[in-house]
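Below: the structure, in structure tokens.
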Amino acid sequence: MKKRVRFQNLLIFLALTASLLLSKFLLQSWKKEALDEVFDALGVTILLFGFLFRISARGLKAGKSCNGKKLITDGLYSLIRNPMYFGTLLIGVGIVLVLFKWWVFILFLSIFLLIYIPQINKEEKELSKYFGDEYRLYCEKVPRYFPNVLALFRIDVRDYLFLEWSGVKKELPSLIGVIIVVTAIEIWEDVRAFGYSEYVKELLELDLIIVFFAMIFILGYREVKKDR
């Protein structure tokens, strides 16, 4: 396992530990249930799209990069140069919206940029050396950190999903782990704030999340199979 991956896993473990030990200081405590539901829905949606970015980028890379010998410029890579890192950012933002107070976002973003900007710069230098002018032309057309927001409203999402099993398999443990942990903490917080009736409601919401994600995967996978 790469040192960077071990470091990321350590950060996740420390963040979860801190969340439990410092729950009153870190975790959000809404006084209005409706506001809690709005932020939960928004956060979960962003989180799931983050995983879709990572799964799709992994599948596209595994299917078309020829073990790193071919530059990928289609799919999500036509919207942003680093879709997997952007997916990680979306996952973090989603978790913060569901669980944490607003100032934690600033802390998360600072740590994220501290870790990933040097990594992105290092990888892009290596890609520039390997692919030369082809990569430099690609960089002139495609943004590095954030996709063009206006372009996102003009695309057909299915054209950018590459939901191959190779990408799903690598991300599935993280997806399941994040969903279980976030849901458990959210249930704990909601039960303390609004009563035990929230337990059943949160479990129903989790079922809807799973169904929603499964439907997107099925639609995206069929689209890829049809185009081949």
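In the structure tokens, chains take the letters A, B, ... in the order shown, each chain's residues start at 1, and ligands count up from 1 in the order shown.
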I want to know what sits within 9 Å of region 87-91 of chain A, based on only C-alpha atoms, with residues of the same chain fewer than 3 positions away left out; could you give that as a CSV table (one decimal) with N, CA, C and O atoms, in the first residue's frame?
```csv
chain,number,residue,atom,x,y,z
A,43,GLY,N,-26.0,16.9,1.8
A,43,GLY,CA,-24.7,16.3,2.0
A,43,GLY,C,-24.6,14.9,1.4
A,43,GLY,O,-23.5,14.5,0.8
A,44,VAL,N,-25.6,14.1,1.6
A,44,VAL,CA,-25.6,12.7,1.1
A,44,VAL,C,-25.5,12.7,-0.5
A,44,VAL,O,-24.8,11.9,-1.1
A,46,ILE,N,-24.1,15.1,-2.4
A,46,ILE,CA,-22.8,15.4,-2.8
A,46,ILE,C,-21.8,14.3,-2.5
A,46,ILE,O,-20.9,14.0,-3.3
A,47,LEU,N,-22.0,13.6,-1.4
A,47,LEU,CA,-21.1,12.5,-1.1
A,47,LEU,C,-21.2,11.4,-2.1
A,47,LEU,O,-20.2,10.8,-2.6
A,48,LEU,N,-22.5,11.0,-2.5
A,48,LEU,CA,-22.6,10.0,-3.5
A,48,LEU,C,-22.1,10.4,-4.9
A,48,LEU,O,-21.5,9.5,-5.6
A,49,PHE,N,-22.2,11.6,-5.3
A,49,PHE,CA,-21.6,12.1,-6.5
A,49,PHE,C,-20.1,12.0,-6.4
A,49,PHE,O,-19.4,11.8,-7.4
A,50,GLY,N,-19.6,12.3,-5.2
A,50,GLY,CA,-18.1,12.1,-5.1
A,50,GLY,C,-17.7,10.7,-5.4
A,50,GLY,O,-16.7,10.5,-6.1
A,51,PHE,N,-18.4,9.7,-4.8
A,51,PHE,CA,-18.0,8.3,-5.1
A,51,PHE,C,-18.3,8.0,-6.6
A,51,PHE,O,-17.5,7.2,-7.2
A,52,LEU,N,-19.3,8.5,-7.2
A,52,LEU,CA,-19.5,8.3,-8.6
A,52,LEU,C,-18.3,8.8,-9.4
A,52,LEU,O,-17.9,8.2,-10.4
A,53,PHE,N,-17.8,10.0,-9.1
A,53,PHE,CA,-16.7,10.5,-9.7
A,53,PHE,C,-15.5,9.6,-9.6
A,53,PHE,O,-14.8,9.3,-10.6
A,54,ARG,N,-15.2,9.1,-8.4
A,54,ARG,CA,-14.1,8.2,-8.2
A,54,ARG,C,-14.3,6.9,-8.9
A,54,ARG,O,-13.3,6.4,-9.5
A,55,ILE,N,-15.5,6.3,-8.8
A,55,ILE,CA,-15.7,5.0,-9.4
A,55,ILE,C,-15.6,5.1,-11.0
A,55,ILE,O,-15.0,4.3,-11.6
A,82,ASN,N,-8.3,16.0,-12.8
A,82,ASN,CA,-8.1,15.1,-11.6
A,82,ASN,C,-9.5,14.7,-11.0
A,82,ASN,O,-9.8,15.1,-9.9
A,83,PRO,N,-10.3,14.0,-11.8
A,83,PRO,CA,-11.6,13.6,-11.3
A,83,PRO,C,-11.7,12.8,-10.0
A,83,PRO,O,-12.6,13.0,-9.2
A,84,MET,N,-10.7,12.0,-9.8
A,84,MET,CA,-10.6,11.2,-8.5
A,84,MET,C,-10.4,12.1,-7.3
A,84,MET,O,-11.1,11.9,-6.3
A,94,GLY,N,-19.5,16.5,1.5
A,94,GLY,CA,-20.8,15.8,1.9
A,94,GLY,C,-20.8,15.4,3.3
A,94,GLY,O,-21.8,15.6,4.0
A,95,ILE,N,-19.7,14.8,3.8
A,95,ILE,CA,-19.7,14.4,5.2
A,95,ILE,C,-19.8,15.5,6.1
A,95,ILE,O,-20.5,15.5,7.2
A,96,VAL,N,-19.1,16.6,5.8
A,96,VAL,CA,-19.1,17.8,6.7
A,96,VAL,C,-20.5,18.4,6.7
A,96,VAL,O,-21.0,18.7,7.8
A,109,LEU,N,-10.9,21.6,4.3
A,109,LEU,CA,-10.4,22.1,3.0
A,109,LEU,C,-8.9,22.5,3.1
A,109,LEU,O,-8.2,22.2,2.2
A,112,PHE,N,-7.1,19.2,3.1
A,112,PHE,CA,-7.2,18.6,1.7
A,112,PHE,C,-6.2,19.3,0.8
A,112,PHE,O,-5.5,18.6,0.0
```
>> as a list of chain:residue names, please: the residues near Arg81 (chain A) (cut-off 7 Å, only C-alpha atoms, same-chain neighbours under 4 positions excluded).
In response: A:Tyr77, A:Val142, A:Pro143, A:Arg144
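Note that CA of Leu161 (chain A) and CA of Ser128 (chain A) are 25.9 Å apart.
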Contacts between region 68-72 of chain A and region 103-153 of chain A, please, where a residue of region 103-153 of chain A counts if it comes within 10 Å (with only C-alpha atoms); show its shortest atom pair and distance in Å to one decimal, rows by chain and ascending number, as CSV.
```
residue,atom,partner,partner_atom,distance
A:Leu127,CA,A:Leu71,CA,8.6
A:Tyr130,CA,A:Lys69,CA,8.8
A:Phe131,CA,A:Leu71,CA,7.4
A:Glu134,CA,A:Leu71,CA,8.2
A:Tyr135,CA,A:Leu71,CA,7.5
A:Tyr138,CA,A:Leu71,CA,9.3
```
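Interatomic distance, CA of Ile187 (chain A) to CA of Leu99 (chain A): 10.3 Å.
When only C-alpha atoms are used to compute distances to Ala41 (chain A), the closest of the residues A:Cys139, A:Leu27, A:Leu97, A:Gly59 turns out to be A:Leu97.
Taking CA of Gly177 (chain A) as the reference point, CA of Ala34 (chain A) is found at 26.4 Å.
Each of A:Leu113, A:Glu171, A:Glu124, A:Asp36 was checked against Ala57 (chain A) using only C-alpha atoms; the smallest atom-to-atom distance is that of A:Glu171.
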